[in-house]
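> entry32.tsv (TSV, C-alpha atoms) pasted underneath:
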```tsv
chain	number	residue	atom	x	y	z
Z	5	MET	CA	97.59	137.69	94.49
Z	6	ALA	CA	101.19	137.96	93.26
Z	7	SER	CA	101.80	137.82	89.52
Z	8	VAL	CA	102.50	134.24	88.41
Z	9	PRO	CA	105.10	133.93	85.63
Z	10	ASP	CA	103.06	131.22	83.82
Z	11	ASP	CA	99.39	130.75	83.09
Z	12	GLN	CA	99.37	127.24	84.60
Z	13	LEU	CA	100.43	125.70	87.91
Z	14	ILE	CA	100.79	122.04	88.88
Z	15	LYS	CA	100.53	120.44	92.33
Z	16	LEU	CA	103.96	119.41	93.54
Z	17	VAL	CA	102.63	116.24	95.20
Z	18	TYR	CA	101.36	115.05	91.81
Z	19	VAL	CA	104.75	115.67	90.21
Z	20	LEU	CA	106.64	113.89	92.98
Z	21	TYR	CA	104.36	110.96	93.75
Z	22	ASN	CA	101.65	110.42	91.09
Z	23	TRP	CA	103.19	111.25	87.70
Z	24	ARG	CA	105.23	108.03	87.89
Z	25	ASN	CA	102.00	106.00	87.86
Z	26	SER	CA	101.05	107.19	84.38
Z	27	PRO	CA	100.02	104.21	82.15
Z	28	LEU	CA	102.87	105.12	79.78
Z	29	LEU	CA	105.53	105.04	82.50
Z	30	ARG	CA	104.32	102.69	85.23
Z	31	LYS	CA	106.30	99.63	84.09
Z	32	ASP	CA	109.13	101.36	82.26
Z	33	PRO	CA	112.52	100.67	83.97
Z	34	LEU	CA	114.11	103.80	82.50
Z	35	ALA	CA	111.27	105.96	83.78
Z	36	LYS	CA	111.63	104.23	87.15
Z	37	ASN	CA	115.25	105.37	87.35
Z	38	PHE	CA	114.19	108.96	86.67
Z	39	PHE	CA	111.46	109.00	89.29
Z	40	GLN	CA	113.66	107.36	91.91
Z	41	SER	CA	115.86	110.44	91.63
Z	42	LEU	CA	112.86	112.81	91.62
Z	43	THR	CA	112.77	113.27	95.38
Z	44	PRO	CA	112.16	116.74	96.83
Z	45	ALA	CA	115.94	117.20	96.96
Z	46	GLY	CA	116.35	115.87	93.40
Z	47	LEU	CA	113.64	118.16	92.10
Z	48	PHE	CA	115.30	121.12	93.80
Z	49	ASP	CA	118.60	120.30	92.10
Z	50	LEU	CA	117.01	119.98	88.64
Z	51	LEU	CA	115.14	123.26	88.94
Z	52	HIS	CA	118.08	125.06	90.51
Z	53	ILE	CA	120.20	124.46	87.40
Z	54	THR	CA	117.87	126.64	85.32
Z	55	SER	CA	117.14	129.21	88.04
Z	56	PRO	CA	119.12	132.44	88.15
Z	57	GLY	CA	120.47	133.44	91.54
Z	58	GLU	CA	120.28	131.46	94.76
Z	59	GLY	CA	117.64	128.77	95.32
Z	60	ILE	CA	114.32	128.32	93.50
Z	61	THR	CA	110.86	129.84	93.75
Z	62	LEU	CA	107.74	127.66	93.87
Z	63	TRP	CA	104.19	128.75	94.71
Z	64	ILE	CA	101.94	128.03	97.66
Z	65	GLY	CA	98.18	128.43	97.85
Z	66	LYS	CA	94.84	126.70	98.43
Z	67	PRO	CA	92.76	124.88	95.78
Z	68	SER	CA	89.72	126.37	97.55
Z	69	SER	CA	89.17	129.02	100.20
Z	70	GLN	CA	88.46	126.31	102.81
Z	71	GLY	CA	91.13	123.89	101.63
Z	72	ALA	CA	94.62	123.16	102.93
Z	73	GLU	CA	97.72	124.88	101.59
Z	74	GLU	CA	99.61	123.09	98.81
Z	75	ILE	CA	102.82	123.73	96.89
Z	76	PHE	CA	102.78	124.24	93.11
Z	77	ILE	CA	105.36	124.41	90.35
Z	78	THR	CA	104.99	126.46	87.18
Z	79	ALA	CA	104.49	125.08	83.68
Z	80	THR	CA	108.01	126.27	82.79
Z	81	GLN	CA	109.47	124.31	85.72
Z	82	LEU	CA	107.45	121.26	84.69
Z	83	GLN	CA	108.93	121.54	81.21
Z	84	THR	CA	112.41	121.42	82.73
Z	85	LEU	CA	111.51	118.12	84.40
Z	86	THR	CA	109.84	116.80	81.25
Z	87	ASN	CA	112.95	117.57	79.22
Z	88	LYS	CA	115.01	115.54	81.69
Z	89	LEU	CA	112.57	112.62	81.43
Z	90	ALA	CA	112.72	112.91	77.62
Z	91	GLU	CA	116.40	111.96	77.71
Z	92	SER	CA	115.29	108.36	78.29
Z	93	GLN	CA	111.72	108.42	76.96
Z	94	GLY	CA	111.89	110.76	74.00
Z	95	PRO	CA	110.07	114.12	73.89
Z	96	THR	CA	106.71	112.83	72.62
Z	97	ARG	CA	106.38	110.02	75.18
Z	98	ALA	CA	107.60	112.21	78.04
Z	99	GLN	CA	105.14	114.98	77.15
Z	100	SER	CA	102.23	112.56	76.68
Z	101	SER	CA	102.85	110.88	80.06
Z	102	PHE	CA	101.70	113.93	81.99
Z	103	ASP	CA	97.99	114.28	82.82
Z	104	VAL	CA	97.02	117.67	81.38
Z	105	GLN	CA	94.09	117.86	83.82
Z	106	GLN	CA	96.66	118.44	86.58
Z	107	LYS	CA	97.50	121.85	85.11
Z	108	LEU	CA	95.52	124.50	87.00
Z	109	ASN	CA	94.65	128.10	86.29
Z	110	PRO	CA	96.26	130.26	89.03
Z	111	ALA	CA	93.11	132.40	89.12
Z	112	ARG	CA	91.25	129.43	90.61
Z	113	LEU	CA	93.59	129.21	93.59
Z	114	SER	CA	93.13	131.04	96.86
Z	115	SER	CA	95.83	132.91	98.86
Z	116	LEU	CA	98.45	132.21	96.20
Z	117	LYS	CA	101.95	133.58	96.87
Z	118	PRO	CA	105.58	132.88	95.95
Z	119	LEU	CA	107.52	130.35	98.01
Z	120	PRO	CA	111.24	131.17	97.78
Z	121	LEU	CA	113.49	128.27	98.82
Z	122	LYS	CA	117.22	128.75	99.25
Z	123	ARG	CA	118.13	125.16	100.11
Z	124	LYS	CA	116.76	121.72	99.28
Z	125	GLU	CA	116.31	121.20	103.02
Z	126	ASP	CA	113.89	124.16	103.03
Z	127	LEU	CA	111.68	122.32	100.55
Z	128	GLU	CA	111.78	119.09	102.56
Z	129	GLU	CA	110.90	120.95	105.76
Z	130	LYS	CA	108.01	122.79	104.10
Z	131	LEU	CA	106.57	119.57	102.69
Z	132	ALA	CA	106.82	117.94	106.14
Z	133	GLU	CA	105.09	120.95	107.71
Z	134	LEU	CA	102.21	120.81	105.21
Z	135	LYS	CA	101.85	117.06	105.70
Z	136	THR	CA	101.57	117.54	109.46
Z	137	LYS	CA	98.85	120.16	108.93
Z	138	ALA	CA	97.03	117.94	106.42
Z	139	ASP	CA	97.18	114.99	108.80
Z	140	PHE	CA	95.77	117.15	111.58
Z	141	ARG	CA	92.84	118.22	109.40
Z	142	SER	CA	92.12	114.76	108.00
Z	143	SER	CA	92.24	113.12	111.45
Z	144	GLU	CA	89.61	115.45	112.91
Z	145	GLY	CA	86.92	112.77	112.74
Z	146	PHE	CA	89.25	110.28	114.47
Z	147	ALA	CA	89.85	112.78	117.27
Z	148	ARG	CA	86.08	113.28	117.73
Z	149	GLN	CA	85.64	109.51	117.97
Z	150	LEU	CA	88.35	109.33	120.64
Z	151	GLU	CA	86.72	112.10	122.68
Z	152	TRP	CA	83.42	110.25	122.44
Z	153	ALA	CA	85.10	107.00	123.53
Z	154	ARG	CA	86.50	108.81	126.56
Z	155	GLU	CA	83.03	110.01	127.56
Z	156	VAL	CA	81.55	106.55	127.05
Z	157	TRP	CA	84.32	104.98	129.14
Z	158	LYS	CA	83.51	107.37	132.01
Z	159	ASP	CA	79.81	106.53	131.62
Z	160	ILE	CA	80.43	102.78	131.69
Z	161	LYS	CA	82.54	103.03	134.82
Z	162	ILE	CA	79.80	104.88	136.66
Z	163	LYS	CA	76.59	103.35	135.29
Z	164	GLY	CA	77.85	99.89	134.39
Z	165	GLY	CA	78.68	98.23	131.12
Z	166	MET	CA	81.22	96.10	129.34
Z	167	ALA	CA	84.08	96.40	126.87
Z	168	VAL	CA	85.50	93.39	124.99
Z	169	ALA	CA	88.82	93.52	123.14
Z	170	MET	CA	89.15	90.81	120.49
Z	171	ASP	CA	91.63	89.47	117.97
Z	172	VAL	CA	91.38	86.64	115.45
Z	173	GLU	CA	94.15	84.69	113.73
Z	174	THR	CA	93.69	82.82	110.44
Z	175	TRP	CA	95.78	80.31	108.53
Z	176	GLU	CA	98.43	82.09	106.45
Z	177	ILE	CA	97.83	79.80	103.43
Z	178	ASP	CA	94.06	80.29	103.29
Z	179	HIS	CA	92.42	82.99	105.41
Z	180	ASP	CA	89.06	81.22	105.23
Z	181	TYR	CA	90.35	78.96	108.02
Z	182	VAL	CA	90.12	80.60	111.45
Z	183	THR	CA	92.71	79.10	113.80
Z	184	GLU	CA	92.60	81.21	117.00
Z	185	VAL	CA	90.33	83.69	118.74
Z	186	GLY	CA	91.35	85.68	121.77
Z	187	TRP	CA	89.52	88.22	123.89
Z	188	SER	CA	89.91	90.19	127.06
Z	189	TRP	CA	87.08	91.96	128.82
Z	190	VAL	CA	86.27	94.37	131.59
Z	191	ARG	CA	82.82	94.68	133.18
Z	192	PHE	CA	81.62	97.39	135.55
Z	193	GLU	CA	78.55	96.61	137.65
Z	194	ASN	CA	77.30	98.02	140.96
Z	195	GLY	CA	80.59	99.78	141.57
Z	196	LYS	CA	82.63	96.61	141.03
Z	197	GLU	CA	85.12	95.88	138.28
Z	198	GLU	CA	85.71	92.41	136.79
Z	199	ARG	CA	88.35	91.48	134.24
Z	200	GLY	CA	89.30	88.38	132.31
Z	201	ALA	CA	91.07	87.05	129.22
Z	202	GLU	CA	90.63	83.91	127.12
Z	203	HIS	CA	92.39	82.27	124.20
Z	204	VAL	CA	90.89	79.52	122.08
Z	205	VAL	CA	92.39	77.31	119.38
Z	206	ILE	CA	89.75	75.84	117.05
Z	207	GLU	CA	89.96	72.04	117.18
Z	208	GLU	CA	89.01	71.47	113.55
Z	209	ASN	CA	91.84	73.75	112.33
Z	210	GLN	CA	94.53	73.08	114.93
Z	211	HIS	CA	96.71	71.24	112.39
Z	212	LYS	CA	96.92	74.39	110.23
Z	213	ARG	CA	99.97	76.25	111.53
Z	214	ASN	CA	101.54	79.56	110.58
Z	215	GLY	CA	105.25	80.31	110.63
Z	216	LYS	CA	106.21	80.79	106.98
Z	217	TYR	CA	104.58	84.15	106.23
Z	218	CYS	CA	103.12	85.07	109.62
Z	219	PRO	CA	104.66	84.35	113.05
Z	220	ASP	CA	103.28	81.32	114.89
Z	221	ALA	CA	102.74	82.20	118.55
Z	222	ARG	CA	99.79	79.87	119.13
Z	223	TYR	CA	100.98	78.55	122.47
Z	224	ASP	CA	102.57	81.73	123.82
Z	225	PHE	CA	99.42	83.04	125.55
Z	226	SER	CA	100.59	85.11	128.53
Z	227	HIS	CA	97.30	85.86	130.30
Z	228	GLY	CA	95.75	82.49	131.03
Z	229	THR	CA	95.48	78.95	129.67
Z	230	THR	CA	94.82	78.21	126.00
Z	231	GLN	CA	91.66	76.19	125.37
Z	232	HIS	CA	90.85	73.87	122.45
Z	233	LEU	CA	87.19	74.07	121.41
Z	234	PRO	CA	85.08	72.85	118.48
Z	235	VAL	CA	84.04	75.68	116.19
Z	236	ASP	CA	80.32	75.41	117.05
Z	237	VAL	CA	81.04	75.63	120.81
Z	238	LEU	CA	83.28	78.65	120.26
Z	239	ALA	CA	80.67	80.33	118.05
Z	240	GLN	CA	78.01	79.96	120.75
Z	241	LYS	CA	80.42	81.24	123.40
Z	242	LEU	CA	81.21	84.34	121.32
Z	243	THR	CA	77.56	84.97	120.46
Z	244	THR	CA	76.71	85.00	124.16
Z	245	LEU	CA	79.71	87.19	124.98
Z	246	LEU	CA	78.83	89.75	122.31
Z	247	THR	CA	75.16	90.16	123.22
Z	248	PRO	CA	74.65	93.65	124.70
Z	249	THR	CA	72.43	94.30	127.69
Z	250	PRO	CA	69.18	96.25	127.13
Z	251	SER	CA	70.42	99.17	129.22
Z	252	HIS	CA	73.83	99.85	127.68
Z	253	PRO	CA	75.77	99.17	124.47
Z	254	LEU	CA	78.71	96.78	124.47
Z	255	LEU	CA	82.04	98.17	123.24
Z	256	LEU	CA	83.89	95.78	120.93
Z	257	LEU	CA	87.54	96.85	120.66
Z	258	MET	CA	89.63	95.72	117.70
Z	259	HIS	CA	92.85	96.92	116.09
Z	260	ASP	CA	92.12	97.38	112.36
Z	261	PRO	CA	88.91	95.31	112.54
Z	262	LYS	CA	88.22	94.58	108.85
Z	263	ALA	CA	89.97	91.18	108.70
Z	264	ASP	CA	88.78	90.22	112.20
Z	265	MET	CA	85.17	91.01	111.31
Z	266	GLU	CA	85.44	88.88	108.18
Z	267	ALA	CA	86.81	86.05	110.32
Z	268	LEU	CA	83.91	86.37	112.80
Z	269	ASN	CA	81.52	86.09	109.86
Z	270	LEU	CA	83.20	82.79	108.96
Z	271	LEU	CA	82.34	81.61	112.47
Z	272	SER	CA	78.66	82.57	111.89
Z	273	ILE	CA	78.76	85.34	114.48
Z	274	PRO	CA	75.88	87.78	113.74
Z	275	THR	CA	78.06	90.82	113.05
Z	276	THR	CA	75.31	92.62	111.11
Z	277	ALA	CA	74.22	94.01	114.48
Z	278	PHE	CA	77.66	95.56	115.08
Z	279	TYR	CA	78.04	99.25	114.30
Z	280	PRO	CA	80.92	101.70	114.11
Z	281	PRO	CA	80.06	104.93	115.94
Z	282	PRO	CA	78.32	107.37	113.56
Z	283	ASP	CA	79.65	110.89	113.02
Z	284	PRO	CA	78.18	112.95	114.58
Z	285	ILE	CA	77.32	110.59	117.43
Z	286	PRO	CA	73.74	110.99	118.74
Z	287	PRO	CA	73.28	111.20	122.54
Z	288	THR	CA	70.70	108.39	122.42
Z	289	ILE	CA	73.31	105.84	121.31
Z	290	LEU	CA	74.20	105.01	124.91
Z	291	SER	CA	70.66	103.89	125.68
Z	292	THR	CA	70.47	101.59	122.65
Z	293	PRO	CA	71.30	97.88	123.04
Z	294	ARG	CA	73.91	97.34	120.36
Z	295	VAL	CA	77.53	96.32	119.83
Z	296	ILE	CA	79.65	99.35	118.94
Z	297	ILE	CA	82.96	98.61	117.23
Z	298	LEU	CA	85.85	100.86	118.22
Z	299	ASP	CA	89.02	100.57	116.16
Z	300	THR	CA	92.05	101.27	118.37
Z	301	GLN	CA	94.10	101.96	115.24
Z	302	THR	CA	91.70	104.79	114.37
Z	303	LEU	CA	91.62	106.02	117.98
Z	304	PHE	CA	95.44	106.14	118.02
Z	305	SER	CA	95.33	108.28	114.86
Z	306	GLY	CA	92.90	110.59	116.65
Z	307	TYR	CA	95.25	110.72	119.63
Z	308	THR	CA	98.35	111.58	117.58
Z	309	ARG	CA	96.38	113.62	114.99
Z	310	ASN	CA	98.25	111.70	112.30
Z	311	LYS	CA	96.25	109.79	109.69
Z	312	THR	CA	98.98	107.13	109.31
Z	313	LYS	CA	97.53	103.87	110.60
Z	314	ARG	CA	99.93	102.19	113.02
Z	315	GLY	CA	100.38	98.56	114.00
Z	316	LEU	CA	99.48	97.29	117.45
Z	317	LYS	CA	103.09	96.93	118.64
Z	318	PHE	CA	103.91	100.49	117.53
Z	319	CYS	CA	100.95	101.83	119.50
Z	320	CYS	CA	101.98	99.86	122.58
Z	321	GLU	CA	105.56	101.12	122.40
Z	322	ASN	CA	104.46	104.73	122.09
Z	323	LEU	CA	101.97	104.48	124.93
Z	324	GLY	CA	104.51	103.25	127.46
Z	325	TRP	CA	105.06	99.54	126.83
Z	326	VAL	CA	108.71	98.50	127.22
Z	327	ALA	CA	110.01	95.27	125.70
Z	328	VAL	CA	111.29	92.64	128.11
Z	329	ALA	CA	115.10	92.63	128.08
Z	330	ASP	CA	115.32	88.83	128.45
Z	331	GLU	CA	115.86	87.58	124.90
Z	332	GLY	CA	114.76	84.09	125.86
Z	333	LYS	CA	111.26	85.26	126.80
Z	334	LYS	CA	108.76	85.26	123.93
Z	335	GLU	CA	106.59	88.35	123.63
Z	336	GLY	CA	103.84	86.44	121.85
Z	337	TRP	CA	102.77	88.98	119.25
Z	338	HIS	CA	100.31	87.37	116.79
Z	339	ASN	CA	98.91	85.17	119.51
Z	340	ALA	CA	95.21	86.07	119.35
Z	341	GLY	CA	94.85	86.14	123.14
Z	342	ASN	CA	97.87	88.39	123.66
Z	343	ASP	CA	96.95	90.73	120.82
Z	344	ALA	CA	93.44	91.06	122.22
Z	345	TRP	CA	94.83	91.84	125.67
Z	346	TRP	CA	97.15	94.50	124.24
Z	347	THR	CA	94.29	95.97	122.19
Z	348	GLY	CA	92.35	96.48	125.41
Z	349	TRP	CA	95.47	97.93	127.05
Z	350	VAL	CA	95.91	100.44	124.20
Z	351	PHE	CA	92.25	101.46	124.46
Z	352	GLU	CA	92.49	102.17	128.18
Z	353	LYS	CA	95.70	104.14	127.72
Z	354	LEU	CA	94.07	106.23	124.99
Z	355	VAL	CA	90.92	107.05	126.93
Z	356	ASP	CA	92.94	108.02	129.99
Z	357	ARG	CA	95.37	110.38	128.19
Z	358	ARG	CA	95.15	113.84	126.70
Z	359	LEU	CA	96.31	114.79	123.20
Z	360	GLU	CA	98.82	117.34	124.46
Z	361	GLU	CA	100.81	114.51	126.10
Z	362	VAL	CA	101.79	113.05	122.73
Z	363	ALA	CA	105.49	113.33	121.93
Z	364	ASP	CA	106.34	115.01	118.64
Z	365	THR	CA	108.17	111.84	117.56
Z	366	VAL	CA	104.88	109.91	117.61
Z	367	ARG	CA	102.93	112.37	115.46
```
The structure given in the file should be rewritten as structure tokens.


Amino acid sequence: MASVPDDQLIKLVYVLYNWRNSPLLRKDPLAKNFFQSLTPAGLFDLLHITSPGEGITLWIGKPSSQGAEEIFITATQLQTLTNKLAESQGPTRAQSSFDVQQKLNPARLSSLKPLPLKRKEDLEEKLAELKTKADFRSSEGFARQLEWAREVWKDIKIKGGMAVAMDVETWEIDHDYVTEVGWSWVRFENGKEERGAEHVVIEENQHKRNGKYCPDARYDFSHGTTQHLPVDVLAQKLTTLLTPTPSHPLLLLMHDPKADMEALNLLSIPTTAFYPPPDPIPPTILSTPRVIILDTQTLFSGYTRNKTKRGLKFCCENLGWVAVADEGKKEGWHNAGNDAWWTGWVFEKLVDRRLEEVADTVR
């Protein structure tokens, strides 16, 4: 390991993104001004002033032998930043704002080496490179889930089974009121394929309209005719729909399912029998009658190997959907029936594609 000029190192990500959340600084407008300027480029400029020669030298290493590489600054460099903060906060407050537990002994780090940076752009590029690597590592479980979904999809097509994509809309003023439910489905049986889509507005809540905080696309369903049903009739319809056969699990596809699952609970749908796929996934799961929830947002992260969770429209655009040029035609996003249909579309695109097809701009 190269000789470190100080006996302490500090993670750069903490300095750039977490220091500002110190209880002493969180609500201070003067501190806010300082941290707004403490971007990677701003940090480079501050440290460059006190660095002899061209550029600056940071350090790169791993907190553990199996961990990911991270960038560190020295205690002397931290003091330069603290002195700048002290211009508005005073030396005592500025010094006290920093969490001393973030200061690490270099001897505890693995593969530590100098990181010379001649330009601020070099620092920005290195941070972007490490983020890409970190995303790739942290999305490994998502990628395994996607590979499993691909195998299950092949199995369903051959042996028979069903996948249901679903979306739920609630009232923007009070999310305890469910206003719409939409679903699309595909069933494979005896070598035949059946598809359908439905959209239901709940009669008891039809007077509760969105439009102030969330778009109102209630009557823009593009894949059939909107129905109006009492909540008890809808609940029975969904309970029947989401009952798996004894021979094969039912795949329930949702995009970021947390809120939708809470909404189904409000409709008294027995969601306690719904399971996300375990990791690792046992081979026997395909012979167990259960509803398996697959989150297309998570699957998209596994596809791009980027842990950033993306919205449904973003996923559609990056999987080949092209917006209709006619400005007078409504696209109907936030209509539960349309969003369910697009969720199913995203799932089928994901299980039919390979990771290497992903454009760099999507990752």

> In Å to one decimal, how far is atom CA of Z:Ile14 from atom CA of Z:Ile77?

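Separating atom CA of Z:Ile77 from atom CA of Z:Ile14 is a distance of 5.4 Å.
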
> I'd like the contact shell of Z:Ala35 - 9 Å cut-off, all atoms listed in the file, skipping same-chain residues fewer than 4 positions apart - returned as a list in words.

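That gives Arg24, Leu29, Arg30, Lys31, Phe39, Gln40, Leu89, Ser92 and Gln93 of chain Z.
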
> Extract, using all atoms listed in the file, all DNA, RNA and protein residues at most 12 Å from Z:Thr302, discarding same-chain residues fewer than 4 positions from it, and format them as number ranges by chain.

Z: 142-150, 153, 257-261, 280-281, 297-298, 306-316, 319, 350-351, 354

> Which residues come within 8 Å of stretch 197-211 of chain Z, counting only C-alpha atoms, excluding same-chain residues fewer than 4 positions away, as a list in words?

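Contacts, with the query itself left out: Tyr181, Val182, Thr183, Glu184, Val185, Gly186, Trp187, Ser188, Trp189, Val190, Arg191, Phe192, Glu193, Arg222, Phe225, His227, Gly228, Thr229, Thr230, Gln231, His232, Leu233, Pro234, Val235, Leu238, Ala340, Gly341 and Trp345 of chain Z.
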
> Leaving out Z:Pro67 and any residue of its chain fewer than 3 positions from it, which residues lie within 9 Å of it when counting only C-alpha atoms, given as a list of chain:residue names?

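So, after excluding close chain neighbours, the residues are Z:Gln70, Z:Gly71, Z:Ala72, Z:Glu73, Z:Glu74, Z:Arg112, Z:Leu113, Z:Ser114.
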
> Report, in Å to a single decimal, how far apart atom CA of Z:Phe76 and atom CA of Z:Leu62 are.

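Atom CA of Z:Leu62 sits 6.1 Å away from atom CA of Z:Phe76.
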
> Ranking Z:Thr243, Z:Ser305, Z:Thr78, Z:Gln105 by minimum distance to Z:Leu119 and counting all atoms listed in the file, which one comes first?

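Among the listed residues, Z:Thr78 lies closest to Z:Leu119.
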
> Could the residues of stretch 291-325 of chain Z that have an atom at most 12 Å from stretch 158-177 of chain Z be listed as CSV, each with its closest atom pair and the distance in Å to one decimal, counting only C-alpha atoms and ordered by chain and ascending residue number?


```
residue,atom,partner,partner_atom,distance
Z:Ser291,CA,Z:Gly165,CA,11.2
Z:Pro293,CA,Z:Gly165,CA,10.9
Z:Arg294,CA,Z:Met166,CA,11.6
Z:Val295,CA,Z:Ala167,CA,9.6
Z:Ile296,CA,Z:Ala167,CA,9.6
Z:Ile297,CA,Z:Val168,CA,9.7
Z:Leu298,CA,Z:Ala169,CA,9.3
Z:Asp299,CA,Z:Ala169,CA,9.9
Z:Thr300,CA,Z:Ala169,CA,9.7
Z:Leu316,CA,Z:Asp171,CA,11.1
```

> Dump C-alpha atoms for the selected residues as a PDB file, in the coordinates of the input?


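Output below, filename again-v3.pdb:
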```
ATOM      1  CA  SER Z 291      70.660 103.890 125.680  1.00  0.00           C
ATOM      2  CA  PRO Z 293      71.300  97.880 123.040  1.00  0.00           C
ATOM      3  CA  ARG Z 294      73.910  97.340 120.360  1.00  0.00           C
ATOM      4  CA  VAL Z 295      77.530  96.320 119.830  1.00  0.00           C
ATOM      5  CA  ILE Z 296      79.650  99.350 118.940  1.00  0.00           C
ATOM      6  CA  ILE Z 297      82.960  98.610 117.230  1.00  0.00           C
ATOM      7  CA  LEU Z 298      85.850 100.860 118.220  1.00  0.00           C
ATOM      8  CA  ASP Z 299      89.020 100.570 116.160  1.00  0.00           C
ATOM      9  CA  THR Z 300      92.050 101.270 118.370  1.00  0.00           C
ATOM     10  CA  LEU Z 316      99.480  97.290 117.450  1.00  0.00           C
TER      11      LEU Z 316
END
```

> Interatomic distance between atom CA of Z:Leu271 and atom CA of Z:Ser251?

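Atom-to-atom, atom CA of Z:Leu271 and atom CA of Z:Ser251 are spaced 27.0 Å apart.
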
> So that I can check the surroundings of Z:Gln12, please list as a count of residues only every protein, DNA and RNA residue that reaches within 8 Å of it, counting only C-alpha atoms and ignoring chain neighbours fewer than 5 positions away.

6

> What box, with edges along x, y and z, holds each listed atom of stretch 196-212 of chain Z when 4 Å is added on every side, and can you state its centre and edge lengths in Å to one decimal, as lines of an AutoDock Vina configuration file?


```
center_x = 89.8
center_y = 83.9
center_z = 125.6
size_x = 22.3
size_y = 33.4
size_z = 38.8
```

> Restricting the calculation to all atoms listed in the file, which member of Z:Lys212, Z:Lys124, Z:Lys196, Z:Arg154 is positioned closest to Z:Asp180?

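Closest to Z:Asp180, using all atoms listed in the file: Z:Lys212.
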
> In file coordinates, which residues lie within 8 Å of (105.5, 112.0, 78.8) using all atoms listed in the file, given as a ChimeraX atom specification?

/Z:28-29,86,89-90,93,95-102

> So, with all atoms listed in the file as the atoms that count, which of Z:Leu256, Z:Lys317, Z:Gly94, Z:Gln81 lies closest to Z:Gly348?

Z:Leu256
